[in-house]
file my_file.csv (CSV, C-alpha atoms)
chain,number,residue,atom,x,y,z
A,1365,MET,CA,23.2,15.6,-18.2
A,1366,SER,CA,20.8,15.4,-21.2
A,1367,MET,CA,20.5,12.4,-23.4
A,1368,LYS,CA,22.8,11.6,-26.3
A,1369,VAL,CA,22.1,9.1,-29.0
A,1370,SER,CA,24.2,7.6,-31.8
A,1371,ASN,CA,23.2,4.8,-34.3
A,1372,ARG,CA,25.2,2.1,-36.0
A,1373,GLN,CA,24.3,-0.9,-38.2
A,1374,VAL,CA,25.7,-4.3,-37.5
A,1375,ASP,CA,24.6,-7.4,-39.5
A,1376,GLY,CA,21.2,-5.7,-40.3
A,1377,VAL,CA,20.5,-4.7,-36.8
A,1378,SER,CA,20.2,-1.0,-35.9
A,1379,ILE,CA,22.0,-0.4,-32.6
A,1380,VAL,CA,21.1,2.7,-30.8
A,1381,ASP,CA,23.7,3.7,-28.2
A,1382,MET,CA,22.1,6.0,-25.6
A,1383,SER,CA,23.7,7.9,-22.8
A,1384,GLY,CA,22.6,10.3,-20.1
A,1385,ARG,CA,19.1,10.7,-18.7
A,1386,ILE,CA,15.8,9.5,-20.3
A,1387,THR,CA,13.3,11.8,-18.6
A,1388,LEU,CA,10.2,13.9,-19.4
A,1389,GLY,CA,11.1,16.5,-21.9
A,1390,GLU,CA,14.3,16.2,-23.9
A,1391,GLY,CA,15.4,12.6,-23.3
A,1392,SER,CA,11.9,11.0,-23.9
A,1393,VAL,CA,11.4,13.1,-27.0
A,1394,VAL,CA,14.8,12.1,-28.4
A,1395,LEU,CA,14.0,8.5,-27.9
A,1396,ARG,CA,10.6,8.8,-29.5
A,1397,ASP,CA,12.0,10.7,-32.6
A,1398,THR,CA,14.9,8.2,-33.0
A,1399,ILE,CA,12.6,5.2,-33.0
A,1400,ARG,CA,10.0,6.9,-35.3
A,1401,ASP,CA,12.8,7.8,-37.7
A,1402,MET,CA,14.2,4.3,-37.8
A,1403,VAL,CA,10.9,2.6,-38.3
A,1404,GLY,CA,10.1,5.1,-41.0
A,1405,LYS,CA,13.3,4.2,-42.8
A,1406,GLY,CA,12.3,0.5,-42.6
A,1407,ASN,CA,14.7,-0.5,-39.8
A,1408,LYS,CA,12.8,-3.2,-38.0
A,1409,LYS,CA,15.5,-4.8,-35.9
A,1410,ILE,CA,16.4,-2.4,-33.2
A,1411,LEU,CA,18.7,-2.9,-30.2
A,1412,LEU,CA,18.7,-0.1,-27.6
A,1413,ASN,CA,22.0,0.0,-25.8
A,1414,LEU,CA,21.2,1.5,-22.4
A,1415,GLY,CA,24.6,0.8,-20.9
A,1416,ASP,CA,25.4,4.5,-20.4
A,1417,VAL,CA,21.9,5.6,-19.4
A,1418,THR,CA,22.4,6.9,-15.8
A,1419,TYR,CA,18.7,7.7,-15.0
A,1420,ILE,CA,15.3,7.0,-16.3
A,1421,ASP,CA,12.0,8.3,-14.9
A,1422,SER,CA,8.4,7.1,-15.4
A,1423,SER,CA,8.1,9.1,-18.6
A,1424,GLY,CA,11.3,7.4,-19.9
A,1425,ILE,CA,9.9,4.0,-18.9
A,1426,GLY,CA,6.7,4.8,-20.7
A,1427,GLU,CA,8.7,5.9,-23.8
A,1428,LEU,CA,10.5,2.5,-23.8
A,1429,VAL,CA,7.1,0.7,-23.7
A,1430,SER,CA,5.8,2.9,-26.5
A,1431,ALA,CA,8.9,2.3,-28.6
A,1432,PHE,CA,8.5,-1.5,-28.1
A,1433,THR,CA,4.9,-1.5,-29.2
A,1434,ALA,CA,5.5,0.9,-32.1
A,1435,VAL,CA,8.2,-1.4,-33.5
A,1436,ARG,CA,6.2,-4.5,-32.9
A,1437,ARG,CA,3.2,-3.0,-34.7
A,1438,GLU,CA,5.3,-2.6,-37.8
A,1439,GLY,CA,6.3,-6.3,-37.6
A,1440,GLY,CA,9.7,-5.6,-36.1
A,1441,GLU,CA,11.6,-6.4,-32.9
A,1442,LEU,CA,13.0,-4.0,-30.3
A,1443,LYS,CA,15.4,-5.4,-27.6
A,1444,LEU,CA,17.3,-3.8,-24.8
A,1445,LEU,CA,21.0,-4.2,-24.1
A,1446,ASN,CA,23.2,-3.6,-21.1
A,1447,LEU,CA,20.8,-2.3,-18.4
A,1448,THR,CA,22.4,-0.6,-15.4
A,1449,LYS,CA,21.3,-1.8,-12.0
A,1450,LYS,CA,18.9,1.1,-11.5
A,1451,VAL,CA,17.2,0.7,-14.9
A,1452,HIS,CA,17.0,-3.1,-14.3
A,1453,ASP,CA,15.4,-2.6,-10.9
A,1454,LEU,CA,12.9,-0.1,-12.3
A,1455,LEU,CA,11.8,-2.5,-15.0
A,1456,GLN,CA,11.4,-5.2,-12.4
A,1457,ILE,CA,9.3,-3.0,-10.1
A,1458,THR,CA,7.0,-2.1,-13.0
A,1459,LYS,CA,6.8,-5.7,-14.1
A,1460,LEU,CA,8.2,-4.8,-17.5
A,1461,TYR,CA,11.3,-6.9,-17.1
A,1462,THR,CA,9.6,-9.9,-18.6
A,1463,VAL,CA,7.9,-7.9,-21.4
A,1464,PHE,CA,11.2,-6.7,-22.9
A,1465,ASP,CA,13.8,-9.0,-24.4
A,1466,ILE,CA,16.8,-8.0,-22.4
A,1467,LYS,CA,20.4,-8.9,-23.4
A,1468,ASP,CA,23.7,-8.3,-21.7
A,1469,ASP,CA,26.0,-9.2,-24.6
A,1470,GLU,CA,26.0,-7.3,-27.9
A,1471,ALA,CA,27.2,-10.1,-30.2
A,1472,SER,CA,24.6,-12.6,-28.9
A,1473,ALA,CA,21.9,-9.9,-28.9
A,1474,ILE,CA,22.6,-9.3,-32.6
A,1475,LYS,CA,22.4,-13.0,-33.4
A,1476,SER,CA,19.1,-13.3,-31.5
A,1477,PHE,CA,17.2,-11.2,-34.0
A,1478,SER,CA,15.2,-13.3,-36.5
A,1479,LYS,CA,16.9,-13.5,-39.9
B,828,MET,CA,15.1,18.7,16.2
B,829,THR,CA,13.1,19.7,13.1
B,830,ASN,CA,14.5,21.5,10.1
B,831,ARG,CA,12.1,22.8,7.5
B,832,VAL,CA,12.6,24.7,4.2
B,833,SER,CA,10.0,25.5,1.6
B,834,TYR,CA,10.0,26.8,-2.0
B,835,THR,CA,7.5,28.2,-4.4
B,836,LEU,CA,8.3,27.4,-8.0
B,837,GLU,CA,7.2,28.0,-11.6
B,838,SER,CA,5.5,25.3,-13.5
B,839,THR,CA,8.5,24.3,-15.6
B,840,LEU,CA,10.7,21.3,-16.1
B,841,ASP,CA,13.7,23.4,-14.9
B,842,SER,CA,11.8,23.6,-11.5
B,843,VAL,CA,11.4,19.8,-11.5
B,844,ASN,CA,15.1,19.4,-12.0
B,845,GLN,CA,15.9,21.8,-9.1
B,846,VAL,CA,13.4,20.1,-6.8
B,847,GLU,CA,15.0,16.7,-7.6
B,848,GLN,CA,18.5,18.0,-6.9
B,849,LYS,CA,17.4,19.6,-3.6
B,850,ALA,CA,15.8,16.3,-2.6
B,851,THR,CA,19.1,14.4,-3.1
B,852,GLU,CA,20.9,17.0,-0.9
B,853,VAL,CA,18.2,16.9,1.8
B,854,ALA,CA,18.2,13.1,1.8
B,855,ALA,CA,22.0,12.9,2.1
B,856,ARG,CA,21.9,15.4,5.0
B,857,ALA,CA,19.2,13.3,6.7
B,858,GLY,CA,21.7,10.5,6.8
B,859,LEU,CA,20.0,8.3,4.2
B,860,GLY,CA,22.2,5.9,2.1
B,861,GLU,CA,22.9,6.2,-1.6
B,862,ASP,CA,20.0,3.9,-2.7
B,863,ALA,CA,17.5,5.7,-0.4
B,864,GLN,CA,18.7,9.1,-1.7
B,865,PHE,CA,18.0,7.9,-5.2
B,866,GLN,CA,14.6,6.6,-4.2
B,867,VAL,CA,13.6,9.9,-2.5
B,868,ALA,CA,14.9,12.0,-5.4
B,869,MET,CA,13.0,9.9,-7.9
B,870,ALA,CA,9.8,10.0,-5.9
B,871,VAL,CA,10.1,13.8,-5.5
B,872,ARG,CA,10.8,14.2,-9.2
B,873,GLU,CA,7.7,12.1,-10.1
B,874,ALA,CA,5.5,14.2,-7.7
B,875,ALA,CA,6.9,17.4,-9.1
B,876,VAL,CA,6.3,16.3,-12.7
B,877,ASN,CA,2.7,15.5,-11.7
B,878,ALA,CA,2.3,19.0,-10.2
B,879,VAL,CA,3.7,20.7,-13.2
B,880,LEU,CA,2.3,18.5,-16.0
B,881,HIS,CA,-1.0,17.1,-14.7
B,882,GLY,CA,-1.8,19.6,-11.9
B,883,ASN,CA,-0.8,23.0,-13.2
B,884,ALA,CA,-0.6,21.9,-16.9
B,885,TYR,CA,2.4,24.2,-17.5
B,886,ASP,CA,0.2,27.2,-16.7
B,887,PRO,CA,2.7,30.1,-16.3
B,888,SER,CA,0.3,31.8,-13.8
B,889,LYS,CA,0.3,28.8,-11.5
B,890,ARG,CA,3.0,27.8,-9.0
B,891,PHE,CA,3.8,24.7,-7.0
B,892,MET,CA,5.1,24.5,-3.5
B,893,VAL,CA,7.7,22.1,-2.1
B,894,ALA,CA,8.5,21.8,1.6
B,895,TYR,CA,11.3,19.6,2.9
B,896,GLU,CA,11.1,18.8,6.6
B,897,THR,CA,13.7,16.7,8.4
B,898,THR,CA,13.0,15.3,11.8
B,899,VAL,CA,15.2,12.8,13.7
B,900,GLU,CA,13.0,9.9,12.5
B,901,ALA,CA,11.9,10.9,9.0
B,902,LEU,CA,12.2,13.0,6.0
B,903,VAL,CA,8.9,14.5,5.0
B,904,ILE,CA,8.4,16.2,1.7
B,905,THR,CA,5.2,17.9,0.7
B,906,ILE,CA,4.4,19.0,-2.8
B,907,THR,CA,1.3,21.1,-3.5
B,908,ASP,CA,0.0,22.3,-6.9
B,909,GLN,CA,-2.7,24.7,-8.0
B,910,GLY,CA,-4.4,22.4,-10.5
B,911,LYS,CA,-7.9,20.9,-10.5
B,912,GLY,CA,-7.0,18.3,-8.0
B,913,ILE,CA,-7.2,14.5,-8.4
B,914,ASN,CA,-9.2,11.7,-6.8
B,915,PRO,CA,-6.6,9.4,-5.3
B,916,GLU,CA,-9.1,6.5,-5.6
B,917,SER,CA,-9.2,7.0,-9.4
B,918,ILE,CA,-5.5,6.3,-10.1
B,919,PRO,CA,-5.2,3.2,-12.3
B,920,ASP,CA,-2.9,0.3,-11.3
B,921,PRO,CA,-0.1,0.3,-13.9
B,922,LEU,CA,0.6,-3.4,-13.1
B,923,SER,CA,-2.8,-4.7,-14.2
B,924,PRO,CA,-2.7,-6.5,-17.6
B,925,GLU,CA,-4.8,-3.8,-19.3
B,926,ASN,CA,-2.4,-1.0,-18.2
B,927,LEU,CA,1.0,-2.8,-18.3
B,928,MET,CA,1.8,-1.7,-21.9
B,929,LYS,CA,0.6,1.8,-21.5
B,930,GLY,CA,3.0,4.7,-22.2
B,931,SER,CA,2.2,6.5,-19.0
B,932,GLY,CA,0.6,6.2,-15.5
B,933,ARG,CA,3.6,4.8,-13.5
B,934,GLY,CA,4.5,8.0,-11.5
B,935,ILE,CA,2.4,7.5,-8.4
B,936,PHE,CA,3.1,3.8,-8.4
B,937,LEU,CA,6.9,4.5,-8.3
B,938,ILE,CA,6.4,7.1,-5.6
B,939,ARG,CA,4.5,4.5,-3.5
B,940,SER,CA,7.2,1.9,-4.2
B,941,PHE,CA,10.0,4.2,-3.0
B,942,MET,CA,8.6,6.0,0.0
B,943,ASP,CA,7.6,4.5,3.3
B,944,GLU,CA,4.3,6.5,3.5
B,945,VAL,CA,2.5,8.5,0.8
B,946,LYS,CA,-0.6,10.7,1.4
B,947,ILE,CA,-2.5,12.3,-1.5
B,948,GLN,CA,-5.1,14.9,-0.7
B,949,ASN,CA,-7.4,16.7,-3.1
B,950,LYS,CA,-7.4,20.3,-1.8
B,951,ASN,CA,-10.1,21.5,-4.1
B,952,PRO,CA,-8.5,23.1,-6.0
B,953,GLY,CA,-5.0,21.6,-6.1
B,954,THR,CA,-3.4,18.4,-5.0
B,955,GLU,CA,-1.1,17.9,-2.0
B,956,ILE,CA,1.1,14.9,-1.8
B,957,THR,CA,3.1,14.1,1.3
B,958,LEU,CA,6.1,11.8,0.9
B,959,ILE,CA,7.7,10.2,4.1
B,960,LYS,CA,10.9,8.3,4.3
B,961,HIS,CA,12.0,7.0,7.7
B,962,THR,CA,15.6,7.6,8.5
B,963,GLY,CA,15.9,4.6,10.7
B,964,ARG,CA,17.1,6.8,13.6
B,965,ASN,CA,15.3,7.8,16.8
B,966,ALA,CA,15.6,10.5,19.5
B,967,ALA,CA,18.0,8.4,21.5
B,968,ASP,CA,20.3,7.9,18.5
B,969,ALA,CA,20.3,11.7,17.9
B,970,LYS,CA,21.2,12.4,21.5
B,971,GLU,CA,24.0,9.9,21.4
B,972,GLU,CA,25.3,11.5,18.2
B,973,GLU,CA,25.1,15.0,19.7
B,974,ALA,CA,27.1,13.8,22.7
B,975,GLN,CA,29.9,12.4,20.6

call {"tool": "encode", "arguments": {"input": "my_file.csv", "output": "structure tokens"}}
result
Amino acid sequence: MSMKVSNRQVDGVSIVDMSGRITLGEGSVVLRDTIRDMVGKGNKKILLNLGDVTYIDSSGIGELVSAFTAVRREGGELKLLNLTKKVHDLLQITKLYTVFDIKDDEASAIKSFSK
Amino acid sequence: MTNRVSYTLESTLDSVNQVEQKATEVAARAGLGEDAQFQVAMAVREAAVNAVLHGNAYDPSKRFMVAYETTVEALVITITDQGKGINPESIPDPLSPENLMKGSGRGIFLIRSFMDEVKIQNKNPGTEITLIKHTGRNAADAKEEEAQ
């Protein structure tokens, strides 16, 4: 299954609901384009909801890192929400778990962004 | 008892998906649990991506070969490309502070994390990577299972 993305705005935070696979090719490109588009439109508080992401490969992990640094470079914040066990484990193995701000509750994640 | 199948594939992402799917099937048939099946499939996917992207560089005239070999004790998968070949010593550590925030370079690290043994050989030209996952069984177990 390829990746699907939809966006919504809640209290000034752009929430990106992602589902499917973030892998080399389509999934990674969709993620990159989505983040680039959001940052280009001035959205600097981005919450990536990965609850329905079933699979991520090293390319997808790299794309998450690139998204994080791209948003931070523009003075914004990118956080991750609802990691599945597999994605959680992969971020731990790659020592990225402590790099990202990871949340498991949407309401408190939204509140955690700086005003 | 040894079972071996091999494939020659085009340097495309479709081939990578096929190879990953086959790895899951072979791992399941070898008796590996769900987590180990996922690990094998991911390691094989990463190795196939390296063959297609870094080795053959999507060159339509180049192929990559995948062999799945199941013995009683292990699943052995060998992936060979027709690229320039890599020096295994030159692969950077993605966990080091200067590489941690890079957007690439984690494939081989994940392969090594998920497999029990990994051998990378520069074939001049081409790279051959051998991935081994132990099944946790031995010849006595196999005999016992056959007898049942």

call {"tool": "residues_around", "arguments": {"input": "my_file.csv", "residues": "stretch 1438-1453 of chain A", "least_positions_apart": "6", "cutoff": "8 Å", "atoms": "all atoms listed in the file", "output": "PyMOL selection string"}}
result
chain A and resi 1403+1408-1420+1431-1432+1461+1464-1470+1473+1477

call {"tool": "interface_residues", "arguments": {"input": "my_file.csv", "of": "chain B", "to": "chain A", "cutoff": "9 Å", "atoms": "all atoms listed in the file", "output": "list in words"}}
result
Leu840, Met869, Arg872, Glu873, Val876, Pro921, Leu922, Leu927, Met928, Lys929, Gly930, Ser931, Gly932, Arg933, Gly934, Phe936, Leu937 and Ser940 of chain B

call {"tool": "atom_distance", "arguments": {"input": "my_file.csv", "atom1": "atom CA of B:Tyr895", "atom2": "atom CA of B:Arg831"}}
result
5.7 Å

call {"tool": "atom_distance", "arguments": {"input": "my_file.csv", "atom1": "atom CA of B:Glu916", "atom2": "atom CA of B:Asn951"}}
result
15.1 Å

call {"tool": "closest_residue", "arguments": {"input": "my_file.csv", "among": "B:Val899, B:Ala884, B:Val843, B:Leu958", "to": "B:Lys911", "atoms": "all atoms listed in the file"}}
result
B:Ala884

call {"tool": "closest_residue", "arguments": {"input": "my_file.csv", "among": "A:Met1367, A:Ile1379, A:Arg1437, A:Lys1479", "to": "A:Val1394", "atoms": "all atoms listed in the file"}}
result
A:Met1367

call {"tool": "closest_residue", "arguments": {"input": "my_file.csv", "among": "B:Thr907, B:Ser888, B:Thr897, B:Thr829", "to": "B:Gly858", "atoms": "only C-alpha atoms"}}
result
B:Thr897

call {"tool": "residues_near_point", "arguments": {"input": "my_file.csv", "point": "(-6.8, 24.0, -8.8)", "cutoff": "8 Å", "atoms": "only C-alpha atoms", "output": "ChimeraX atom specification"}}
result
/B:882-883,908-912,950-954

call {"tool": "closest_residue", "arguments": {"input": "my_file.csv", "among": "B:Val871, B:His961, B:Met892, B:Val879", "to": "B:Asp841", "atoms": "all atoms listed in the file"}}
result
B:Val879

call {"tool": "atom_distance", "arguments": {"input": "my_file.csv", "atom1": "atom CA of A:Asp1397", "atom2": "atom CA of A:Ala1434"}}
result
11.8 Å
